[in-house]
$ cat target-v1.cif   # mmCIF, C-alpha atoms
data_coords
loop_
_atom_site.label_atom_id
_atom_site.label_comp_id
_atom_site.auth_asym_id
_atom_site.auth_seq_id
_atom_site.Cartn_x
_atom_site.Cartn_y
_atom_site.Cartn_z
CA SER O 1 -12.84 -3.53 25.75
CA LYS O 2 -9.30 -3.59 27.22
CA LYS O 3 -8.00 -2.75 30.67
CA THR O 4 -4.51 -1.38 31.40
CA GLY O 5 -1.99 -4.20 31.81
CA GLU O 6 -4.51 -6.88 30.78
CA THR O 7 -5.03 -8.66 27.47
CA TYR O 8 -7.94 -10.70 26.19
CA VAL O 9 -6.69 -13.87 24.44
CA ARG O 10 -8.62 -16.58 22.66
CA ASN O 11 -9.07 -19.66 24.79
CA SER O 12 -9.10 -22.66 22.50
CA ALA O 13 -10.06 -24.91 25.42
CA VAL O 14 -13.41 -23.17 25.79
CA THR O 15 -16.17 -24.47 23.57
CA GLY O 16 -17.10 -21.90 21.01
CA GLY O 17 -13.69 -20.24 21.01
CA GLY O 18 -14.41 -17.77 23.80
CA PHE O 19 -12.01 -15.34 25.44
CA ARG O 20 -10.36 -15.23 28.88
CA LEU O 21 -8.46 -12.55 30.69
CA TRP O 22 -4.64 -12.97 30.79
CA SER O 23 -2.54 -10.46 32.70
CA PRO O 24 1.25 -10.05 33.10
CA ARG O 25 0.85 -10.88 36.79
CA ALA O 26 -0.84 -14.18 35.94
CA THR O 27 1.97 -14.93 33.50
CA LEU O 28 4.56 -14.52 36.25
CA ARG O 29 2.61 -16.76 38.60
CA ALA O 30 2.33 -19.45 35.92
CA ALA O 31 6.06 -19.25 35.18
CA ALA O 32 6.89 -19.58 38.87
CA LEU O 33 4.63 -22.62 39.18
CA MET O 34 6.22 -24.27 36.13
CA ALA O 35 9.68 -23.68 37.60
CA MET O 36 8.62 -25.42 40.81
CA VAL O 37 7.25 -28.39 38.87
CA LEU O 38 10.44 -28.70 36.80
CA GLY O 39 12.59 -28.47 39.92
CA ALA O 40 10.66 -31.26 41.59
CA ALA O 41 10.88 -33.38 38.45
CA ILE O 42 14.65 -32.95 38.21
CA ALA O 43 15.09 -33.79 41.90
CA ALA O 44 13.09 -36.97 41.37
CA GLY O 45 15.13 -37.88 38.29
CA VAL O 46 12.16 -37.52 35.94
CA MET O 47 11.97 -34.94 33.15
CA PRO O 48 8.74 -34.08 31.42
CA GLY O 49 8.42 -35.89 28.12
CA THR O 50 10.95 -38.61 29.04
CA ALA O 51 10.23 -42.18 30.10
CA GLN O 52 11.72 -43.35 33.39
CA ALA O 53 13.61 -46.64 33.21
CA GLN O 54 11.75 -49.35 35.08
CA VAL O 55 14.04 -51.21 37.51
CA PRO O 56 12.65 -54.61 38.52
CA PRO O 57 12.24 -55.07 42.27
CA ALA O 58 14.86 -57.18 44.03
CA ARG O 59 13.71 -60.74 44.67
CA ALA O 60 16.38 -62.65 46.56
CA LEU O 61 16.87 -66.29 47.45
CA PHE O 62 19.37 -67.46 50.05
CA LEU O 63 22.02 -70.18 49.98
CA ASN O 64 24.49 -71.64 52.47
CA LEU O 65 27.40 -72.52 50.20
CA ASP O 66 29.41 -74.18 52.98
CA THR O 67 26.52 -76.55 53.64
CA VAL O 68 26.31 -77.37 49.94
CA PHE O 69 29.96 -78.47 49.88
CA THR O 70 29.84 -80.36 53.20
CA GLN O 71 26.49 -82.14 52.73
CA SER O 72 26.37 -82.83 48.98
CA ALA O 73 27.49 -86.19 47.62
CA VAL O 74 30.14 -84.65 45.39
CA GLY O 75 31.46 -82.53 48.26
CA LYS O 76 31.89 -85.63 50.43
CA ASP O 77 33.47 -87.50 47.51
CA ILE O 78 36.01 -84.75 46.88
CA ARG O 79 36.81 -84.42 50.58
CA GLY O 80 37.41 -88.17 50.86
CA GLN O 81 39.85 -88.13 47.95
CA LEU O 82 41.75 -85.16 49.34
CA GLU O 83 41.99 -86.71 52.80
CA ALA O 84 43.38 -89.90 51.26
CA MET O 85 46.01 -87.93 49.37
CA LEU O 86 47.08 -86.00 52.46
CA SER O 87 47.16 -89.16 54.59
CA GLU O 88 49.44 -90.88 52.07
CA ILE O 89 51.80 -87.90 52.06
CA ALA O 90 51.83 -87.82 55.86
CA ALA O 91 52.67 -91.55 56.03
CA ARG O 92 55.64 -91.17 53.72
CA GLU O 93 56.78 -88.09 55.57
CA GLU O 94 56.66 -89.90 58.89
CA LYS O 95 58.78 -92.73 57.48
CA VAL O 96 61.38 -90.29 56.15
CA ILE O 97 61.52 -88.44 59.46
CA LYS O 98 62.08 -91.67 61.40
CA ASP O 99 64.95 -92.58 59.08
CA LEU O 100 66.51 -89.13 59.43
CA ASP O 101 66.13 -89.22 63.21
CA ALA O 102 67.79 -92.65 63.37
CA ARG O 103 70.76 -91.46 61.31
CA GLN O 104 71.03 -88.34 63.44
CA GLU O 105 71.13 -90.47 66.58
CA VAL O 106 73.98 -92.51 65.11
CA LEU O 107 75.95 -89.35 64.38
CA THR O 108 75.38 -88.12 67.90
CA GLY O 109 76.83 -91.40 69.24
CA GLN O 110 79.89 -91.05 66.98
CA ALA O 111 80.74 -87.62 68.34
CA GLN O 112 83.25 -89.15 70.80
CA THR O 113 84.82 -91.67 68.43
CA ARG O 114 85.19 -89.78 65.16
CA PRO O 115 87.00 -86.56 64.30
CA GLN O 116 84.78 -83.59 65.09
CA ALA O 117 85.22 -82.13 61.60
CA GLU O 118 83.92 -85.31 59.97
CA VAL O 119 80.96 -85.54 62.33
CA ARG O 120 80.11 -81.87 61.74
CA LYS O 121 80.27 -82.36 57.98
CA ASP O 122 77.95 -85.37 58.10
CA TRP O 123 75.64 -83.54 60.52
CA ASP O 124 75.32 -80.53 58.25
CA ALA O 125 74.66 -82.76 55.25
CA LEU O 126 71.96 -84.62 57.19
CA GLN O 127 70.25 -81.40 58.21
CA ALA O 128 70.32 -80.14 54.61
CA GLU O 129 68.76 -83.44 53.50
CA ARG O 130 66.07 -83.10 56.17
CA GLN O 131 65.24 -79.57 55.05
CA GLY O 132 65.07 -80.65 51.41
CA GLN O 133 62.78 -83.56 52.17
CA MET O 134 60.41 -81.41 54.26
CA SER O 135 60.27 -78.85 51.45
CA LEU O 136 59.26 -81.56 48.98
CA PHE O 137 56.47 -82.77 51.22
CA GLN O 138 55.22 -79.21 51.60
CA LEU O 139 55.20 -78.85 47.83
CA GLU O 140 53.07 -81.97 47.61
CA ARG O 141 50.56 -80.54 50.09
CA THR O 142 50.42 -77.30 48.13
CA ALA O 143 49.72 -79.29 44.97
CA VAL O 144 46.84 -81.07 46.73
CA GLN O 145 45.39 -77.71 47.73
CA ALA O 146 45.57 -76.61 44.08
CA ALA O 147 43.77 -79.81 43.05
CA ALA O 148 41.08 -79.08 45.64
CA SER O 149 40.60 -75.56 44.27
CA ASP O 150 40.32 -76.91 40.73
CA ALA O 151 37.70 -79.45 41.81
CA ARG O 152 35.71 -76.76 43.58
CA ARG O 153 35.75 -74.58 40.46
CA LYS O 154 34.28 -77.47 38.47
CA VAL O 155 31.54 -77.94 41.05
CA ASN O 156 30.86 -74.20 41.04
CA GLY O 157 30.23 -74.35 37.30
CA VAL O 158 27.44 -76.89 37.84
CA LEU O 159 26.15 -74.96 40.85
CA ASN O 160 25.81 -71.77 38.83
CA GLU O 161 23.58 -73.52 36.31
CA ILE O 162 21.46 -75.02 39.10
CA MET O 163 21.02 -71.63 40.76
CA ARG O 164 19.98 -70.04 37.46
CA GLU O 165 17.33 -72.72 37.06
CA VAL O 166 16.00 -72.12 40.57
CA LEU O 167 15.97 -68.36 40.02
CA ARG O 168 13.86 -68.75 36.90
CA GLU O 169 11.47 -71.17 38.57
CA ARG O 170 11.03 -68.99 41.66
CA GLY O 171 10.80 -65.71 39.75
CA ALA O 172 13.77 -64.31 41.66
CA ASN O 173 16.75 -62.35 40.35
CA MET O 174 19.56 -62.89 42.86
CA VAL O 175 21.03 -65.43 45.27
CA LEU O 176 22.55 -64.16 48.52
CA SER O 177 24.43 -65.86 51.33
CA VAL O 178 22.29 -66.90 54.29
CA ASP O 179 24.65 -64.79 56.41
CA ALA O 180 22.88 -61.73 54.97
CA VAL O 181 19.57 -62.75 56.63
CA LEU O 182 18.89 -61.20 60.02
CA VAL O 183 15.23 -62.11 60.47
CA GLY O 184 13.00 -64.51 58.52
CA GLY O 185 13.86 -65.70 55.02
CA VAL O 186 13.30 -69.40 55.81
CA ASP O 187 10.94 -69.83 52.88
CA TYR O 188 13.57 -68.38 50.55
CA ASP O 189 16.45 -70.65 51.64
CA ILE O 190 17.23 -72.91 48.66
CA THR O 191 20.19 -74.76 50.21
CA ASN O 192 18.48 -78.16 50.52
CA GLU O 193 16.98 -77.88 47.05
CA VAL O 194 20.36 -77.03 45.53
CA VAL O 195 22.02 -79.96 47.35
CA ALA O 196 19.36 -82.35 46.01
CA ARG O 197 19.82 -81.15 42.43
CA LEU O 198 23.61 -81.24 42.71
CA ASP O 199 23.48 -84.82 44.01
CA LYS O 200 21.48 -85.76 40.94
CA GLN O 201 23.58 -83.92 38.37
CA LEU O 202 27.07 -84.40 39.82
CA PRO O 203 27.26 -87.12 42.49
CA LYS O 204 31.02 -87.68 42.03
CA LEU O 205 34.05 -85.88 40.64
CA LYS O 206 37.50 -87.34 40.06
CA VAL O 207 40.16 -85.17 41.68
CA GLU O 208 43.28 -85.13 39.54
CA ARG O 209 46.09 -86.24 41.82
CA PRO O 210 49.12 -83.96 41.44
CA LYS O 211 52.43 -85.51 40.51
CA SER O 212 54.95 -85.80 43.31
CA PRO O 213 57.87 -83.37 42.90
CA LYS O 214 61.25 -84.99 42.32
#
$ encode --input "target-v1.cif" --output "structure tokens"
Amino acid sequence: SKKTGETYVRNSAVTGGGFRLWSPRATLRAAALMAMVLGAAIAAGVMPGTAQAQVPPARALFLNLDTVFTQSAVGKDIRGQLEAMLSEIAAREEKVIKDLDARQEVLTGQAQTRPQAEVRKDWDALQAERQGQMSLFQLERTAVQAAASDARRKVNGVLNEIMREVLRERGANMVLSVDAVLVGGVDYDITNEVVARLDKQLPKLKVERPKSPK
């Protein structure tokens, strides 16, 4: 038999193919429930029938890069070469300055015995020479800085390979600066390990000395 507003439909989920009562009111309730489920799925970024991309959890190791460059053998080697270059430039600069100062003192003593125009001309020429010499020395220091940056880039290339090896061995997927650690993380600090491997793979590096400007 049938009741007003109700329909008997075959329920395939019931063994023996029985019947269950399905009313318009039940249909509306089911639709409302499905809408709620879909809304929650969309908010969560998951749609029915689609696979959610699996993002691997972050596993970080920590490194003090400044320590690597100050404590590693290659870092000390590079620093020694750069200091030698800068010391040599400073020695030559000091010699030039002493010579310029001596010539300037002579001109100062001639101020009362030579025509003022001649003294002024020589003075101006001496000051221009001083400025030119100081500019050349500054160019040399800038060239040394460029050589230092080039050497560091070469070391970084080896460091990147070392860090990739450590990441694979530790099952991690990123290396962060130790400055990012607020609490703990000691067991994940790979600085000493990286220094040891760098000492083995690249104990020294020849820094290409820049040519002196003429």
$ resolve_selection --input "target-v1.cif" --expression "the PyMOL selection byres ((chain O and resi 203) around 10)" --output "PDB file with C-alpha atoms, in the coordinates of the input"
ATOM      1  CA  SER O  72      26.370 -82.830  48.980  1.00  0.00           C
ATOM      2  CA  ALA O  73      27.490 -86.190  47.620  1.00  0.00           C
ATOM      3  CA  VAL O  74      30.140 -84.650  45.390  1.00  0.00           C
ATOM      4  CA  GLY O  75      31.460 -82.530  48.260  1.00  0.00           C
ATOM      5  CA  LYS O  76      31.890 -85.630  50.430  1.00  0.00           C
ATOM      6  CA  ASP O  77      33.470 -87.500  47.510  1.00  0.00           C
ATOM      7  CA  ALA O 196      19.360 -82.350  46.010  1.00  0.00           C
ATOM      8  CA  ARG O 197      19.820 -81.150  42.430  1.00  0.00           C
ATOM      9  CA  LEU O 198      23.610 -81.240  42.710  1.00  0.00           C
ATOM     10  CA  ASP O 199      23.480 -84.820  44.010  1.00  0.00           C
ATOM     11  CA  LYS O 200      21.480 -85.760  40.940  1.00  0.00           C
ATOM     12  CA  GLN O 201      23.580 -83.920  38.370  1.00  0.00           C
ATOM     13  CA  LEU O 202      27.070 -84.400  39.820  1.00  0.00           C
ATOM     14  CA  LYS O 204      31.020 -87.680  42.030  1.00  0.00           C
ATOM     15  CA  LEU O 205      34.050 -85.880  40.640  1.00  0.00           C
TER      16      LEU O 205
END
$ atom_distance --input "target-v1.cif" --atom1 "atom CA of O:Leu65" --atom2 "atom CA of O:Arg153"
13.0 Å
$ atom_distance --input "target-v1.cif" --atom1 "atom CA of O:Arg130" --atom2 "atom CA of O:Leu100"
6.9 Å
$ atom_distance --input "target-v1.cif" --atom1 "atom CA of O:Ala151" --atom2 "atom CA of O:Asn173"
27.1 Å
$ closest_residue --input "target-v1.cif" --among "O:Ala146, O:Ala102, O:Ala91, O:Met163" --to "O:Leu176" --atoms "all atoms listed in the file"
O:Met163
$ closest_residue --input "target-v1.cif" --among "O:Met174, O:Leu136, O:Val144, O:Ala111" --to "O:Arg79" --atoms "only C-alpha atoms"
O:Val144
$ closest_residue --input "target-v1.cif" --among "O:Asp99, O:Glu83, O:Val55, O:Leu61" --to "O:Glu169" --atoms "all atoms listed in the file"
O:Leu61
$ closest_residue --input "target-v1.cif" --among "O:Thr191, O:Met134, O:Asp150, O:Glu165" --to "O:Ala90" --atoms "all atoms listed in the file"
O:Met134
$ closest_residue --input "target-v1.cif" --among "O:Ala180, O:Val207, O:Ala125, O:Ala172" --to "O:Ala58" --atoms "all atoms listed in the file"
O:Ala172
$ residues_around --input "target-v1.cif" --residues "O:Arg141" --least-positions-apart "2" --cutoff "12 Å" --atoms "all atoms listed in the file" --output "NGL selection string"
:O and (82-90 or 93 or 134-139 or 143-148 or 209-213)
$ closest_residue --input "target-v1.cif" --among "O:Thr113, O:Gln133, O:Gly171, O:Gly80" --to "O:Arg92" --atoms "all atoms listed in the file"
O:Gln133
